[in-house]
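These notes are about the structure you will find just below.
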Amino acid sequence: MLPLLRSAWANPSSGHAGGRAARAAIDASRDRLAAVLGCEPRELIFTSGGTESDNLALRGTVQRWGAERGRHIVISAIEHEAVLATAMVMAECGEATLSVVECDGSGVVDPEAVAAAVRDDTVLVSVMLANNEIGTVQDLATISAAVRRRNARTLVHTDAVQALGRMPVNVADLGVDLLSLSAHKFYGPKGSGLLYARWGTHLRPQAEGGGQERGRRSGTENVPGIVGLATAAHLVESDRTIEIDRLTRMRDQLETLVLAGAPNVRIAGLAANRLPNIATLLVDGASIDALLTALDLAGVEVSGGSACSSGAVRESHVIVAIGENPRTTAMLRCSLGRMTTANEVTQAAARIVTAIKFP
Ligand code: PLP
């Protein structure tokens, strides 16, 4: 990214040598990302991140196909706000009708329940690949197949923002038409993401203008951001298997140590297929604010469900969806990553146990 920020900053739409170099950097990044996701380069639309990609998928689909196919959309109850709030606002404004499919106590969405919610006028189903609060993974291949059996014209979108580098993400294997990614979830720059749109899945653009991204997302491209997105995706994919193994061992170690030290803790989604980097602790009888403050003072950076933009902890819709009572149970999300060491995990577990036992 640095050369592109420092000197090679020409506009990729310019025909001169500098512009052509910037365009070449975008093209190379698109090729790299297509190889990672198993799609064609032309099927990728660069965006400003997960939120924009989710909005483009939902709004773009309903606006393009609504009149022909219907305006009903189906989402799961544990979607990120980028999908949940978008769908709700669309419903409130009369642009769409909405069905929300619940999950079970482990945070798993039943593919048959999704298919059962699909109607003749269902234009889009959006179910996230991996949850950001409890890490549960949904069986998108089965969901896509079940949806198509019910209505062959319904498009399937998945928010895969949490998944890349932590599980295989191949658009053909998942059977989806649309898929969102965000660079900063896999160590790329913030403010850069993409939407995969299967070729032929036309969307109504949400930004009109210069016609960049084949008219699907106008605006001068964020060239360093795109290069950072592609490089980060390539890096996390190249050592995915080793990293999944390392993260799983550390996450299991964290959970084992905390469970051994604090009897009032349970693990969210324990029975489900989960991402290897998220351990979400359900602490009975604890206050999330007190826990977060104690842990922050102890130098442990964890989060309570979903943090809103002000940094305050907001009651999580996911904890409610898995059948817990947020007034009596605190949800503490511990995330591990490439920089996390086994020693840090041991120390964090001890400090978490202390914070829980001596509030
Ligand atoms: N979707 C999921 C599952 C996320 O975890 C996030 C970010 O937290 C987003 C969407 C939004 O992505 P961005 O911050 O790039 O807009």
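Just remember, in the structure tokens the first chain shown is A, the second B, etc., residues are 1-based per chain, and ligands are 1-based in the order shown.
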
Contacts with ligand 1 at most 10 Å, only C-alpha atoms and all ligand atoms counted, listed as a PyMOL selection string: chain A and resi 47-55+78-84+128-133+135+158-163+180-185+189-194+306-308

Would you mind exporting the chosen residues as a CSV table (one decimal), in the first residue's frame, restricted to N, CA and C atoms?
chain,number,residue,atom,x,y,z
A,47,THR,N,-15.8,-2.1,-2.5
A,47,THR,CA,-16.7,-1.2,-1.7
A,47,THR,C,-15.8,-0.6,-0.5
A,48,SER,N,-16.5,0.1,0.3
A,48,SER,CA,-15.8,0.7,1.5
A,48,SER,C,-15.9,-0.2,2.7
A,49,GLY,N,-16.4,-1.4,2.6
A,49,GLY,CA,-16.4,-2.4,3.7
A,49,GLY,C,-17.6,-3.2,3.8
A,50,GLY,N,-17.7,-3.9,4.9
A,50,GLY,CA,-18.9,-4.9,5.1
A,50,GLY,C,-20.2,-4.2,5.0
A,51,THR,N,-20.3,-3.0,5.7
A,51,THR,CA,-21.6,-2.4,5.8
A,51,THR,C,-22.1,-2.0,4.4
A,52,GLU,N,-21.2,-1.4,3.6
A,52,GLU,CA,-21.7,-1.0,2.2
A,52,GLU,C,-22.0,-2.2,1.4
A,53,SER,N,-21.2,-3.3,1.5
A,53,SER,CA,-21.5,-4.5,0.7
A,53,SER,C,-22.8,-5.1,1.1
A,54,ASP,N,-23.1,-5.1,2.4
A,54,ASP,CA,-24.4,-5.7,2.8
A,54,ASP,C,-25.6,-4.8,2.3
A,55,ASN,N,-25.4,-3.5,2.4
A,55,ASN,CA,-26.4,-2.6,1.9
A,55,ASN,C,-26.7,-2.7,0.4
A,78,ILE,N,-29.8,-13.5,13.8
A,78,ILE,CA,-28.5,-13.1,14.4
A,78,ILE,C,-27.6,-12.4,13.4
A,79,GLU,N,-28.2,-11.8,12.4
A,79,GLU,CA,-27.4,-11.0,11.5
A,79,GLU,C,-26.7,-9.8,12.1
A,80,HIS,N,-25.6,-9.4,11.5
A,80,HIS,CA,-24.9,-8.2,12.0
A,80,HIS,C,-25.9,-7.0,11.6
A,81,GLU,N,-25.8,-5.9,12.4
A,81,GLU,CA,-26.7,-4.8,12.2
A,81,GLU,C,-26.6,-4.3,10.7
A,82,ALA,N,-25.5,-4.5,10.0
A,82,ALA,CA,-25.4,-4.0,8.6
A,82,ALA,C,-26.5,-4.7,7.7
A,83,VAL,N,-26.9,-5.9,8.1
A,83,VAL,CA,-28.0,-6.6,7.4
A,83,VAL,C,-29.3,-6.3,8.1
A,84,LEU,N,-29.3,-6.6,9.5
A,84,LEU,CA,-30.5,-6.5,10.3
A,84,LEU,C,-31.2,-5.1,10.1
A,128,MET,N,-25.9,-15.0,7.5
A,128,MET,CA,-24.4,-14.8,7.6
A,128,MET,C,-23.7,-16.1,7.7
A,129,LEU,N,-22.5,-16.1,7.2
A,129,LEU,CA,-21.7,-17.4,7.2
A,129,LEU,C,-21.2,-17.6,8.6
A,130,ALA,N,-20.7,-16.6,9.3
A,130,ALA,CA,-20.2,-16.8,10.7
A,130,ALA,C,-20.6,-15.6,11.5
A,131,ASN,N,-21.0,-15.9,12.7
A,131,ASN,CA,-21.5,-14.8,13.6
A,131,ASN,C,-20.4,-14.0,14.3
A,132,ASN,N,-20.5,-12.7,14.3
A,132,ASN,CA,-19.5,-11.9,14.9
A,132,ASN,C,-19.5,-11.9,16.4
A,133,GLU,N,-20.6,-12.3,17.1
A,133,GLU,CA,-20.6,-12.2,18.5
A,133,GLU,C,-20.3,-13.6,19.2
A,135,GLY,N,-19.5,-16.5,17.0
A,135,GLY,CA,-18.6,-17.3,16.1
A,135,GLY,C,-19.3,-18.5,15.5
A,158,THR,N,-24.7,-14.0,1.6
A,158,THR,CA,-24.1,-14.2,2.9
A,158,THR,C,-23.1,-13.2,3.3
A,159,ASP,N,-23.2,-12.8,4.5
A,159,ASP,CA,-22.2,-11.8,5.1
A,159,ASP,C,-21.1,-12.7,5.6
A,160,ALA,N,-20.0,-12.7,4.9
A,160,ALA,CA,-18.9,-13.6,5.3
A,160,ALA,C,-17.7,-12.8,5.9
A,161,VAL,N,-18.1,-11.6,6.4
A,161,VAL,CA,-17.1,-10.7,6.9
A,161,VAL,C,-16.2,-11.3,8.0
A,162,GLN,N,-16.8,-12.2,8.8
A,162,GLN,CA,-16.0,-12.8,9.9
A,162,GLN,C,-15.2,-14.0,9.5
A,163,ALA,N,-15.5,-14.5,8.3
A,163,ALA,CA,-15.1,-15.9,8.0
A,163,ALA,C,-13.7,-16.1,7.3
A,180,SER,N,-20.4,-10.8,1.1
A,180,SER,CA,-19.7,-9.6,1.6
A,180,SER,C,-18.5,-9.9,2.3
A,181,LEU,N,-17.4,-9.1,2.1
A,181,LEU,CA,-16.2,-9.2,2.9
A,181,LEU,C,-15.7,-7.8,3.3
A,182,SER,N,-14.9,-7.7,4.4
A,182,SER,CA,-14.4,-6.5,4.8
A,182,SER,C,-12.9,-6.7,5.2
A,183,ALA,N,-12.0,-5.8,4.6
A,183,ALA,CA,-10.6,-6.1,4.8
A,183,ALA,C,-10.1,-6.1,6.2
A,184,HIS,N,-10.7,-5.2,7.1
A,184,HIS,CA,-10.1,-5.0,8.4
A,184,HIS,C,-10.4,-6.2,9.3
A,185,LYS,N,-11.2,-7.1,8.9
A,185,LYS,CA,-11.4,-8.3,9.7
A,185,LYS,C,-10.3,-9.4,9.4
A,189,PRO,N,-6.7,-3.0,5.5
A,189,PRO,CA,-7.0,-1.6,6.0
A,189,PRO,C,-8.5,-1.5,6.3
A,190,LYS,N,-8.8,-0.6,7.2
A,190,LYS,CA,-10.2,-0.2,7.4
A,190,LYS,C,-10.8,0.6,6.2
A,191,GLY,N,-12.1,0.4,6.0
A,191,GLY,CA,-12.7,1.2,4.9
A,191,GLY,C,-12.5,0.6,3.5
A,192,SER,N,-12.2,-0.7,3.5
A,192,SER,CA,-12.1,-1.4,2.2
A,192,SER,C,-12.8,-2.8,2.3
A,193,GLY,N,-13.6,-3.1,1.3
A,193,GLY,CA,-14.3,-4.4,1.3
A,193,GLY,C,-14.7,-4.7,-0.1
A,194,LEU,N,-15.5,-5.8,-0.2
A,194,LEU,CA,-16.0,-6.2,-1.5
A,194,LEU,C,-17.3,-6.9,-1.4
A,306,SER,N,-22.1,-6.8,21.1
A,306,SER,CA,-21.7,-5.9,20.0
A,306,SER,C,-21.5,-4.5,20.6
A,307,ALA,N,-20.5,-3.8,20.2
A,307,ALA,CA,-20.2,-2.4,20.7
A,307,ALA,C,-20.8,-1.5,19.6
A,308,CYS,N,-21.5,-0.5,20.0
A,308,CYS,CA,-22.0,0.5,19.0
A,308,CYS,C,-21.0,1.5,18.8

Might you pull out every residue within 12 Å of A:Ala25, with only C-alpha atoms counted and same-chain residues fewer than 2 positions away left off, and present them as a PDB file with C-alpha atoms, in the first residue's frame?
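Listing of selection_28.pdb after writing:
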ATOM      1  CA  MET A   1       0.000   0.000   0.000  1.00  0.00           C
ATOM      2  CA  PRO A   3       4.086   3.067  -2.720  1.00  0.00           C
ATOM      3  CA  LEU A   4       0.487   3.690  -3.814  1.00  0.00           C
ATOM      4  CA  ALA A   8       1.803   6.014  -7.410  1.00  0.00           C
ATOM      5  CA  TRP A   9      -1.364   7.921  -6.573  1.00  0.00           C
ATOM      6  CA  ALA A  10      -2.674   8.657 -10.072  1.00  0.00           C
ATOM      7  CA  ASN A  11      -6.351   8.162 -10.818  1.00  0.00           C
ATOM      8  CA  PRO A  12      -6.952   4.656 -12.223  1.00  0.00           C
ATOM      9  CA  GLY A  18       0.445   6.753 -13.886  1.00  0.00           C
ATOM     10  CA  GLY A  19      -3.247   6.030 -14.317  1.00  0.00           C
ATOM     11  CA  ARG A  20      -2.517   2.806 -16.137  1.00  0.00           C
ATOM     12  CA  ALA A  21      -0.235   1.689 -13.301  1.00  0.00           C
ATOM     13  CA  ALA A  22      -2.989   2.339 -10.760  1.00  0.00           C
ATOM     14  CA  ARG A  23      -5.479   0.427 -12.949  1.00  0.00           C
ATOM     15  CA  ASP A  27      -6.723  -5.522 -11.864  1.00  0.00           C
ATOM     16  CA  ALA A  28      -4.016  -7.593 -10.177  1.00  0.00           C
ATOM     17  CA  SER A  29      -5.835  -7.297  -6.838  1.00  0.00           C
ATOM     18  CA  ARG A  30      -9.119  -8.374  -8.402  1.00  0.00           C
ATOM     19  CA  ASP A  31      -7.413 -11.429  -9.928  1.00  0.00           C
ATOM     20  CA  ARG A  32      -5.864 -12.356  -6.569  1.00  0.00           C
ATOM     21  CA  GLU A 221     -11.411   3.525  -6.501  1.00  0.00           C
ATOM     22  CA  ASN A 222      -9.534   3.364  -3.199  1.00  0.00           C
ATOM     23  CA  VAL A 223      -6.444   1.867  -4.848  1.00  0.00           C
ATOM     24  CA  PRO A 224      -4.272   1.418  -1.715  1.00  0.00           C
ATOM     25  CA  GLY A 225      -7.305   0.008   0.111  1.00  0.00           C
ATOM     26  CA  ILE A 226      -7.982  -2.471  -2.697  1.00  0.00           C
ATOM     27  CA  VAL A 227      -4.353  -3.570  -2.819  1.00  0.00           C
ATOM     28  CA  GLY A 228      -4.361  -3.933   0.986  1.00  0.00           C
ATOM     29  CA  LEU A 229      -7.587  -5.962   0.831  1.00  0.00           C
ATOM     30  CA  ALA A 230      -6.180  -8.352  -1.783  1.00  0.00           C
ATOM     31  CA  THR A 231      -2.799  -8.729  -0.099  1.00  0.00           C
TER      32      THR A 231
END

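Nearest to A:Ala96 of all the residues A:Ala321, A:Ala294, A:Ile73, A:Val258 is A:Ile73, based on only C-alpha atoms.
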
In Å, rounded to a single decimal, give me how far atom CA of A:Asn264 is from atom CA of A:Leu281. 9.9 Å

With a distance cut-off of 7 Å and only C-alpha atoms, select the neighbouring residues of A:Leu140, excluding the residue or stretch itself and same-chain residues fewer than 2 positions from it, and output the selection as a PyMOL selection string. chain A and resi 129+138+142-144+174
